[in-house]
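Q: Contents of target-v4.pdb (PDB, C-alpha atoms):
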```
ATOM      1  CA  MET A1359     -20.140 -11.240  43.427
ATOM      2  CA  GLU A1360     -19.475 -11.883  47.107
ATOM      3  CA  SER A1361     -20.991  -9.503  49.658
ATOM      4  CA  LEU A1362     -19.861  -9.791  53.269
ATOM      5  CA  ASN A1363     -19.059  -8.047  56.532
ATOM      6  CA  VAL A1364     -15.500  -8.198  57.857
ATOM      7  CA  MET A1365     -14.292  -7.265  61.319
ATOM      8  CA  VAL A1366     -11.796  -4.441  60.956
ATOM      9  CA  ARG A1367     -10.173  -2.896  64.014
ATOM     10  CA  SER A1368     -13.246  -3.379  66.231
ATOM     11  CA  ILE A1369     -15.895  -2.393  63.662
ATOM     12  CA  ASN A1370     -17.789  -4.342  61.017
ATOM     13  CA  MET A1371     -17.117  -3.123  57.490
ATOM     14  CA  HIS A1372     -19.172  -4.198  54.498
ATOM     15  CA  ILE A1373     -17.294  -5.146  51.332
ATOM     16  CA  LYS A1374     -18.131  -6.640  47.943
ATOM     17  CA  ARG A1375     -15.812  -8.650  45.715
ATOM     18  CA  TYR A1376     -16.310  -9.249  42.002
ATOM     19  CA  ASN A1377     -14.440 -11.737  39.772
ATOM     20  CA  ILE A1378     -12.625 -13.248  42.736
ATOM     21  CA  GLY A1379      -9.255 -14.693  41.809
ATOM     22  CA  ALA A1380      -8.680 -12.540  38.729
ATOM     23  CA  THR A1381      -5.105 -11.386  38.254
ATOM     24  CA  LYS A1382      -5.693  -7.642  38.058
ATOM     25  CA  LYS A1383      -6.923  -5.997  41.262
ATOM     26  CA  VAL A1384      -8.905  -2.760  41.640
ATOM     27  CA  VAL A1385     -10.276  -1.131  44.796
ATOM     28  CA  CYS A1386     -13.052   1.485  44.520
ATOM     29  CA  LEU A1387     -13.892   3.997  47.268
ATOM     30  CA  HIS A1388     -17.212   5.881  47.090
ATOM     31  CA  GLY A1389     -18.047   9.482  47.939
ATOM     32  CA  PHE A1390     -20.105  11.111  50.689
ATOM     33  CA  THR A1391     -23.699   9.749  50.854
ATOM     34  CA  GLY A1392     -22.601   6.815  48.665
ATOM     35  CA  SER A1393     -21.837   3.142  49.184
ATOM     36  CA  SER A1394     -20.291   0.211  47.376
ATOM     37  CA  SER A1395     -23.447   0.048  45.229
ATOM     38  CA  THR A1396     -22.440   3.213  43.370
ATOM     39  CA  TRP A1397     -19.848   1.212  41.388
ATOM     40  CA  GLU A1398     -22.098  -1.593  40.119
ATOM     41  CA  GLU A1399     -22.744  -0.212  36.640
ATOM     42  CA  VAL A1400     -19.052   0.575  36.103
ATOM     43  CA  ILE A1401     -18.136  -2.949  37.197
ATOM     44  CA  SER A1402     -20.629  -4.415  34.729
ATOM     45  CA  TYR A1403     -18.506  -2.941  31.922
ATOM     46  CA  LEU A1404     -15.197  -4.288  33.238
ATOM     47  CA  PRO A1405     -13.795  -7.615  31.969
ATOM     48  CA  SER A1406     -13.839 -10.701  34.178
ATOM     49  CA  SER A1407     -10.037 -10.590  34.197
ATOM     50  CA  VAL A1408     -10.271  -7.752  36.755
ATOM     51  CA  GLU A1409     -11.115  -8.440  40.400
ATOM     52  CA  VAL A1410     -12.878  -5.485  41.981
ATOM     53  CA  LEU A1411     -13.192  -4.748  45.690
ATOM     54  CA  THR A1412     -15.713  -2.124  46.829
ATOM     55  CA  ILE A1413     -16.009  -0.955  50.420
ATOM     56  CA  ASP A1414     -18.717   0.806  52.412
ATOM     57  CA  LEU A1415     -16.633   3.414  54.229
ATOM     58  CA  ILE A1416     -17.265   4.088  57.900
ATOM     59  CA  GLY A1417     -20.611   5.789  58.487
ATOM     60  CA  HIS A1418     -21.956   4.681  55.113
ATOM     61  CA  GLY A1419     -23.884   1.775  53.652
ATOM     62  CA  LEU A1420     -23.856  -1.388  55.760
ATOM     63  CA  THR A1421     -20.628  -0.562  57.599
ATOM     64  CA  ASP A1422     -20.846   0.392  61.282
ATOM     65  CA  LYS A1423     -21.589   3.971  62.368
ATOM     66  CA  PRO A1424     -19.792   4.350  65.722
ATOM     67  CA  SER A1425     -20.601   7.298  67.973
ATOM     68  CA  ASP A1426     -16.946   8.214  68.559
ATOM     69  CA  ILE A1427     -16.159  11.023  66.080
ATOM     70  CA  ALA A1428     -12.426  10.320  66.346
ATOM     71  CA  ARG A1429     -13.047   6.912  64.763
ATOM     72  CA  TYR A1430     -13.912   8.703  61.488
ATOM     73  CA  HIS A1431     -10.634  10.645  61.286
ATOM     74  CA  VAL A1432      -8.510  10.084  58.216
ATOM     75  CA  ASP A1433      -5.710   8.303  60.099
ATOM     76  CA  GLU A1434      -8.225   5.781  61.437
ATOM     77  CA  GLN A1435      -9.741   5.198  58.007
ATOM     78  CA  ILE A1436      -6.295   4.681  56.473
ATOM     79  CA  GLU A1437      -5.670   1.887  58.962
ATOM     80  CA  ASP A1438      -9.123   0.397  58.291
ATOM     81  CA  LEU A1439      -8.296   0.108  54.592
ATOM     82  CA  HIS A1440      -4.877  -1.328  55.297
ATOM     83  CA  ALA A1441      -6.367  -3.947  57.620
ATOM     84  CA  ILE A1442      -8.795  -5.033  54.888
ATOM     85  CA  PHE A1443      -6.023  -5.293  52.289
ATOM     86  CA  GLN A1444      -3.917  -7.332  54.704
ATOM     87  CA  GLN A1445      -6.826  -9.692  55.411
ATOM     88  CA  LEU A1446      -7.292 -10.224  51.679
ATOM     89  CA  GLU A1447      -3.507 -10.390  51.116
ATOM     90  CA  TRP A1448      -3.713  -7.670  48.463
ATOM     91  CA  THR A1449      -0.389  -5.940  47.861
ATOM     92  CA  HIS A1450      -0.525  -4.956  44.171
ATOM     93  CA  PHE A1451      -3.629  -3.081  43.094
ATOM     94  CA  THR A1452      -5.068   0.031  41.500
ATOM     95  CA  LEU A1453      -6.825   2.289  43.998
ATOM     96  CA  VAL A1454      -9.772   4.322  42.689
ATOM     97  CA  GLY A1455     -11.359   7.078  44.765
ATOM     98  CA  TYR A1456     -14.275   9.391  44.037
ATOM     99  CA  SER A1457     -14.614  12.762  45.813
ATOM    100  CA  MET A1458     -14.520  11.927  49.552
ATOM    101  CA  GLY A1459     -13.203   8.483  48.632
ATOM    102  CA  GLY A1460     -10.539  10.183  46.527
ATOM    103  CA  ARG A1461      -9.366  12.185  49.521
ATOM    104  CA  LEU A1462      -9.060   8.935  51.448
ATOM    105  CA  ALA A1463      -7.332   7.157  48.552
ATOM    106  CA  LEU A1464      -4.736   9.926  48.355
ATOM    107  CA  ALA A1465      -4.252   9.870  52.114
ATOM    108  CA  TYR A1466      -3.788   6.086  52.066
ATOM    109  CA  THR A1467      -1.262   6.313  49.254
ATOM    110  CA  SER A1468       0.740   8.883  51.203
ATOM    111  CA  LYS A1469       1.405   6.190  53.837
ATOM    112  CA  TYR A1470       1.146   2.779  52.148
ATOM    113  CA  PRO A1471       2.178   1.571  48.684
ATOM    114  CA  VAL A1472      -0.285   1.040  45.853
ATOM    115  CA  HIS A1473       0.558   0.331  42.240
ATOM    116  CA  THR A1474      -1.572   3.017  40.594
ATOM    117  CA  LEU A1475      -3.912   5.730  41.852
ATOM    118  CA  ILE A1476      -7.036   6.984  40.033
ATOM    119  CA  LEU A1477      -8.623  10.092  41.527
ATOM    120  CA  GLU A1478     -12.061  11.096  40.276
ATOM    121  CA  SER A1479     -13.239  14.623  41.112
ATOM    122  CA  SER A1480     -10.905  14.660  44.100
ATOM    123  CA  SER A1481      -8.926  17.148  46.129
ATOM    124  CA  PRO A1482      -5.895  16.989  48.457
ATOM    125  CA  GLY A1483      -7.867  19.173  50.852
ATOM    126  CA  LEU A1484      -7.569  22.843  51.747
ATOM    127  CA  ALA A1485      -4.065  24.242  52.126
ATOM    128  CA  ASP A1486      -5.152  27.473  53.835
ATOM    129  CA  ASP A1487      -5.800  27.163  57.586
ATOM    130  CA  GLY A1488      -8.465  29.859  57.491
ATOM    131  CA  GLU A1489     -10.352  28.162  54.655
ATOM    132  CA  ARG A1490     -10.101  24.845  56.437
ATOM    133  CA  GLN A1491     -11.547  26.278  59.654
ATOM    134  CA  LYS A1492     -14.371  27.973  57.752
ATOM    135  CA  ARG A1493     -15.218  24.713  55.990
ATOM    136  CA  LYS A1494     -15.051  22.795  59.279
ATOM    137  CA  LEU A1495     -17.631  25.093  60.863
ATOM    138  CA  SER A1496     -19.843  24.895  57.773
ATOM    139  CA  ASP A1497     -19.744  21.082  57.788
ATOM    140  CA  GLU A1498     -20.466  20.949  61.505
ATOM    141  CA  LEU A1499     -23.598  23.035  60.933
ATOM    142  CA  LEU A1500     -24.622  20.695  58.120
ATOM    143  CA  ALA A1501     -24.005  17.688  60.373
ATOM    144  CA  GLU A1502     -26.280  19.167  63.022
ATOM    145  CA  ARG A1503     -28.900  19.873  60.379
ATOM    146  CA  ILE A1504     -28.868  16.221  59.315
ATOM    147  CA  MET A1505     -29.454  15.079  62.892
ATOM    148  CA  LYS A1506     -32.198  17.646  63.448
ATOM    149  CA  GLU A1507     -34.113  17.360  60.171
ATOM    150  CA  GLY A1508     -33.351  13.771  59.130
ATOM    151  CA  VAL A1509     -32.004  12.079  56.026
ATOM    152  CA  ILE A1510     -34.934  12.772  53.689
ATOM    153  CA  SER A1511     -34.744  16.524  54.238
ATOM    154  CA  PHE A1512     -30.973  16.454  53.847
ATOM    155  CA  VAL A1513     -31.118  14.456  50.595
ATOM    156  CA  ASP A1514     -33.698  16.901  49.209
ATOM    157  CA  PHE A1515     -31.179  19.674  49.907
ATOM    158  CA  TRP A1516     -28.128  17.697  48.718
ATOM    159  CA  GLU A1517     -29.684  16.885  45.350
ATOM    160  CA  GLU A1518     -30.072  20.592  44.623
ATOM    161  CA  ILE A1519     -26.503  21.758  45.216
ATOM    162  CA  ALA A1520     -24.606  22.976  42.164
ATOM    163  CA  LEU A1521     -22.236  20.016  42.156
ATOM    164  CA  PHE A1522     -24.991  17.585  41.177
ATOM    165  CA  GLN A1523     -27.092  19.607  38.744
ATOM    166  CA  THR A1524     -25.734  17.653  35.765
ATOM    167  CA  GLN A1525     -27.320  14.498  37.197
ATOM    168  CA  LYS A1526     -30.730  15.954  36.354
ATOM    169  CA  LYS A1527     -29.969  15.049  32.726
ATOM    170  CA  LEU A1528     -29.898  11.351  33.641
ATOM    171  CA  SER A1529     -32.914   9.121  33.097
ATOM    172  CA  HIS A1530     -35.650   9.279  35.735
ATOM    173  CA  GLU A1531     -34.896   5.662  36.644
ATOM    174  CA  LYS A1532     -31.224   6.400  37.247
ATOM    175  CA  GLN A1533     -32.003   9.484  39.300
ATOM    176  CA  LEU A1534     -34.257   7.358  41.493
ATOM    177  CA  LEU A1535     -31.468   4.820  42.008
ATOM    178  CA  ILE A1536     -29.087   7.564  43.099
ATOM    179  CA  ARG A1537     -31.712   9.005  45.436
ATOM    180  CA  HIS A1538     -32.425   5.563  46.897
ATOM    181  CA  GLU A1539     -28.743   5.043  47.672
ATOM    182  CA  ARG A1540     -28.582   8.410  49.441
ATOM    183  CA  LEU A1541     -31.802   7.781  51.377
ATOM    184  CA  ALA A1542     -30.439   4.419  52.553
ATOM    185  CA  GLN A1543     -27.829   6.228  54.641
ATOM    186  CA  SER A1544     -28.299   6.981  58.338
ATOM    187  CA  ALA A1545     -28.398  10.414  59.938
ATOM    188  CA  VAL A1546     -25.813   9.377  62.540
ATOM    189  CA  GLY A1547     -23.431   7.971  59.933
ATOM    190  CA  LEU A1548     -23.577  10.996  57.646
ATOM    191  CA  SER A1549     -23.371  13.475  60.505
ATOM    192  CA  ASN A1550     -20.386  11.768  62.118
ATOM    193  CA  SER A1551     -18.658  11.399  58.759
ATOM    194  CA  LEU A1552     -18.921  15.163  58.251
ATOM    195  CA  LYS A1553     -17.668  15.902  61.753
ATOM    196  CA  GLY A1554     -14.771  13.449  61.569
ATOM    197  CA  PHE A1555     -13.732  13.419  57.923
ATOM    198  CA  SER A1556     -14.846  16.548  56.128
ATOM    199  CA  THR A1557     -12.549  18.588  53.908
ATOM    200  CA  GLY A1558     -12.294  21.044  56.799
ATOM    201  CA  VAL A1559     -11.181  18.404  59.289
ATOM    202  CA  GLN A1560      -8.645  16.408  57.307
ATOM    203  CA  PRO A1561      -5.103  17.761  56.941
ATOM    204  CA  SER A1562      -3.982  19.170  53.607
ATOM    205  CA  TYR A1563      -2.164  16.712  51.348
ATOM    206  CA  TRP A1564      -0.948  19.298  48.846
ATOM    207  CA  GLY A1565       2.564  18.966  50.252
ATOM    208  CA  VAL A1566       2.527  15.203  49.697
ATOM    209  CA  LEU A1567       1.894  15.291  45.952
ATOM    210  CA  SER A1568       5.469  15.986  44.858
ATOM    211  CA  ASN A1569       6.630  12.889  46.752
ATOM    212  CA  LEU A1570       4.296  10.460  44.953
ATOM    213  CA  SER A1571       6.276   8.633  42.273
ATOM    214  CA  ILE A1572       3.545   6.130  41.364
ATOM    215  CA  PRO A1573       1.313   6.729  38.324
ATOM    216  CA  VAL A1574      -1.611   8.986  39.259
ATOM    217  CA  PHE A1575      -4.558   9.484  36.904
ATOM    218  CA  LEU A1576      -6.695  12.554  37.523
ATOM    219  CA  LEU A1577     -10.261  12.481  36.186
ATOM    220  CA  ALA A1578     -12.641  15.422  36.097
ATOM    221  CA  GLY A1579     -15.936  16.079  34.367
ATOM    222  CA  GLU A1580     -15.927  18.797  31.735
ATOM    223  CA  LEU A1581     -18.925  20.481  33.377
ATOM    224  CA  ASP A1582     -17.387  20.391  36.866
ATOM    225  CA  LEU A1583     -15.281  23.527  36.556
ATOM    226  CA  LYS A1584     -14.192  23.581  40.196
ATOM    227  CA  PHE A1585     -12.653  20.115  40.147
ATOM    228  CA  CYS A1586     -11.218  20.559  36.665
ATOM    229  CA  ALA A1587      -9.245  23.477  38.100
ATOM    230  CA  ILE A1588      -8.188  21.467  41.159
ATOM    231  CA  ALA A1589      -7.031  18.572  38.962
ATOM    232  CA  LYS A1590      -4.923  20.934  36.856
ATOM    233  CA  ARG A1591      -3.252  22.273  39.988
ATOM    234  CA  MET A1592      -2.622  18.742  41.243
ATOM    235  CA  GLN A1593      -1.110  17.663  37.950
ATOM    236  CA  LYS A1594       1.512  20.402  38.226
ATOM    237  CA  GLU A1595       2.605  18.993  41.598
ATOM    238  CA  LEU A1596       2.518  15.282  40.769
ATOM    239  CA  PRO A1597       5.703  13.974  39.084
ATOM    240  CA  ASN A1598       4.034  11.011  37.347
ATOM    241  CA  SER A1599       0.490  11.996  36.471
ATOM    242  CA  GLN A1600      -1.977  12.213  33.639
ATOM    243  CA  MET A1601      -5.228  14.153  33.536
ATOM    244  CA  GLU A1602      -8.339  13.380  31.543
ATOM    245  CA  VAL A1603     -11.386  15.607  31.250
ATOM    246  CA  VAL A1604     -14.516  13.615  30.427
ATOM    247  CA  LYS A1605     -16.812  15.424  28.016
ATOM    248  CA  ASP A1606     -20.394  16.264  28.972
ATOM    249  CA  ALA A1607     -19.920  14.963  32.526
ATOM    250  CA  GLY A1608     -20.198  16.607  35.917
ATOM    251  CA  HIS A1609     -18.831  15.658  39.336
ATOM    252  CA  ALA A1610     -19.818  11.965  39.419
ATOM    253  CA  ILE A1611     -18.311  10.693  36.173
ATOM    254  CA  HIS A1612     -18.726   7.037  37.175
ATOM    255  CA  VAL A1613     -22.479   7.611  37.538
ATOM    256  CA  GLU A1614     -23.024   9.864  34.523
ATOM    257  CA  LYS A1615     -20.634   8.071  32.135
ATOM    258  CA  PRO A1616     -20.109   4.569  33.590
ATOM    259  CA  LYS A1617     -18.992   2.897  30.362
ATOM    260  CA  ILE A1618     -16.386   5.587  29.684
ATOM    261  CA  PHE A1619     -15.236   5.374  33.299
ATOM    262  CA  ALA A1620     -14.817   1.593  33.036
ATOM    263  CA  THR A1621     -12.860   2.014  29.803
ATOM    264  CA  ILE A1622     -10.496   4.430  31.548
ATOM    265  CA  ILE A1623      -9.897   1.972  34.394
ATOM    266  CA  GLU A1624      -9.234  -0.820  31.900
ATOM    267  CA  GLU A1625      -6.792   1.343  29.931
ATOM    268  CA  VAL A1626      -4.949   2.310  33.107
ATOM    269  CA  ILE A1627      -4.601  -1.346  34.062
ATOM    270  CA  LEU A1628      -3.349  -2.260  30.604
ATOM    271  CA  GLU A1629      -0.666   0.408  30.923
ATOM    272  CA  GLU A1630       0.698  -1.525  33.894
ATOM    273  CA  GLU A1631       1.654  -4.431  31.670
TER     274      GLU A1631
END
```
Take the structure in this file and express it as structure tokens.
A:
Amino acid sequence: MESLNVMVRSINMHIKRYNIGATKKVVCLHGFTGSSSTWEEVISYLPSSVEVLTIDLIGHGLTDKPSDIARYHVDEQIEDLHAIFQQLEWTHFTLVGYSMGGRLALAYTSKYPVHTLILESSSPGLADDGERQKRKLSDELLAERIMKEGVISFVDFWEEIALFQTQKKLSHEKQLLIRHERLAQSAVGLSNSLKGFSTGVQPSYWGVLSNLSIPVFLLAGELDLKFCAIAKRMQKELPNSQMEVVKDAGHAIHVEKPKIFATIIEEVILEEE
């Protein structure tokens, strides 16, 4: 594994590369409060014939946390990803995105070509302007709370939301690893990410789905009823999609069922051949 910082459009972004030089290419984008480390167990189950690139998105992990909120907007992050892919000369790859990272993966794919898209517990955003404004205000309040109370207090709150209750069934050791990754974030990075790239801020991509001709694989955890419903709606709009519901899993399938998640990625790549 190679871990390094790369200069991308005036900011330093942290990336990791596994199995460098392998023919098959996969990019993995983490969710809010995550980092490239979230994918390590999944990668351990993938064959060495697959090169994997993981990226700390802006405001997260070891990537810069600029003060300019506009720098976190989806259009900026799309160009950050594209700059990285151009530096690495990657043009044919599978793009995997989880939750927030899935929103970004879908947004990227709406502008630039990828071979295959895998969306885990992801959404195209909110189509209703009123819902989007309500969510924007809610996320801004949460962002202010993070700055006022700090990361530890926020993580204590975040761990208790309904979306992550299934993670309490994981081993104590694994729960501590997840908590450590969340606590490693910065208040400024998380706050600015919410203000610049929350579901309430980004535009809706529901209207883009019918134009995507590439293969799109939609993954949802059986116990995550909200995102199962969203995935079903997305599948109706996508012309070339498949949906898989992972049994006994919640929102973060790659964390709760890493071996199954790796198997799905491998099967998707094999379908390309």
Q: Within 12 Å of (-21.4, 19.9, 54.6) in the file's own coordinates, which protein, DNA or RNA residues have an atom, counting all atoms listed in the file? List them as an NGL selection string.
A: :A and (1390-1391 or 1458 or 1492-1504 or 1512-1513 or 1515-1516 or 1519 or 1548-1559)
Q: Tell me which of A:Cys1586, A:Trp1564, A:Ile1373, A:Val1613 sits closest to Gln1525 in chain A, counting all atoms listed in the file.
A: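 Closest to Gln1525 in chain A of all the choices is A:Val1613.
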Q: Identify which of the residues A:Gly1547, A:Lys1617, A:Asn1377, A:Pro1482 lies closest to Glu1595 in chain A, counting only C-alpha atoms when measuring atom-to-atom distances.
A: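 Nearest candidate to Glu1595 in chain A out of A:Gly1547, A:Lys1617, A:Asn1377, A:Pro1482: A:Pro1482.
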Q: Enumerate, as a list in words, the residues matched when the PyMOL selection byres ((chain A and resi 1402) around 12) is run on the file above.
A: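 When the PyMOL selection byres ((chain A and resi 1402) around 12) is applied, the selected residues are Met1359, Tyr1376, Asn1377, Ser1395, Thr1396, Trp1397, Glu1398, Glu1399, Val1400, Ile1401, Tyr1403, Leu1404, Pro1405, Ser1406, Val1408, Glu1409, Val1410, His1612, Pro1616, Lys1617, Ile1618, Phe1619, Ala1620 and Thr1621 of chain A.
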Q: What's the separation between CA of Leu1567 in chain A and CA of Leu1462 in chain A, in Å to one decimal place?
A: 13.8 Å
Q: Point out the residue among A:Gln1533, A:Gln1543, A:Ser1479, A:Lys1374 with the least atom-to-atom distance to Ile1510 in chain A, counting only C-alpha atoms.
A: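 Checking each candidate against Ile1510 in chain A, we get A:Gln1543 as the closest.
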Q: Hey, can you check how far CA of Thr1421 in chain A sits from CA of Asp1433 in chain A?
A: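 Interatomic distance here is 17.5 Å.
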Q: What would the selection look like, as a list in words, if the PyMOL selection byres ((chain A and resi 1604) around 8) were run on the coordinates I just shared?
A: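 Those residues are Leu1577, Ala1578, Gly1579, Glu1580, Glu1602, Val1603, Lys1605, Asp1606, Ala1607 and Ile1611 of chain A.
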Q: Which residues, named as in the file, does the PyMOL selection byres ((chain A and resi 1520) around 12) pick out? Answer as an MDAnalysis selection string.
A: chainID A and resid 1515:1519 1521:1526 1581:1584 1608:1609
Q: Just give me the gap between CA of His1372 in chain A and CA of Leu1570 in chain A in Å, one decimal is fine.
A: 29.3 Å
Q: Kindly indicate which residue among A:Gln1435, A:Ala1463, A:Glu1360, A:Val1546 lies nearest to Glu1507 in chain A, using all atoms listed in the file for the distances.
A: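 Ranked by minimum distance to Glu1507 in chain A, first place goes to A:Val1546.
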Q: Got a sec: who's within 12 Å of Pro1471 in chain A, counting all atoms listed in the file, leaving out chain neighbours fewer than 4 positions off, as an mmCIF file with C-alpha atoms, keeping the file's coordinate frame?
A:
```cif
data_model
loop_
_atom_site.group_PDB
_atom_site.id
_atom_site.type_symbol
_atom_site.label_atom_id
_atom_site.label_comp_id
_atom_site.auth_asym_id
_atom_site.auth_seq_id
_atom_site.Cartn_x
_atom_site.Cartn_y
_atom_site.Cartn_z
ATOM 1 C CA ILE A 1436 -6.295 4.681 56.473
ATOM 2 C CA HIS A 1440 -4.877 -1.328 55.297
ATOM 3 C CA PHE A 1443 -6.023 -5.293 52.289
ATOM 4 C CA TRP A 1448 -3.713 -7.670 48.463
ATOM 5 C CA THR A 1449 -0.389 -5.940 47.861
ATOM 6 C CA HIS A 1450 -0.525 -4.956 44.171
ATOM 7 C CA PHE A 1451 -3.629 -3.081 43.094
ATOM 8 C CA THR A 1452 -5.068 0.031 41.500
ATOM 9 C CA LEU A 1453 -6.825 2.289 43.998
ATOM 10 C CA ALA A 1463 -7.332 7.157 48.552
ATOM 11 C CA LEU A 1464 -4.736 9.926 48.355
ATOM 12 C CA ALA A 1465 -4.252 9.870 52.114
ATOM 13 C CA TYR A 1466 -3.788 6.086 52.066
ATOM 14 C CA THR A 1467 -1.262 6.313 49.254
ATOM 15 C CA LEU A 1475 -3.912 5.730 41.852
ATOM 16 C CA LEU A 1570 4.296 10.460 44.953
ATOM 17 C CA SER A 1571 6.276 8.633 42.273
ATOM 18 C CA ILE A 1572 3.545 6.130 41.364
ATOM 19 C CA PRO A 1573 1.313 6.729 38.324
#
```
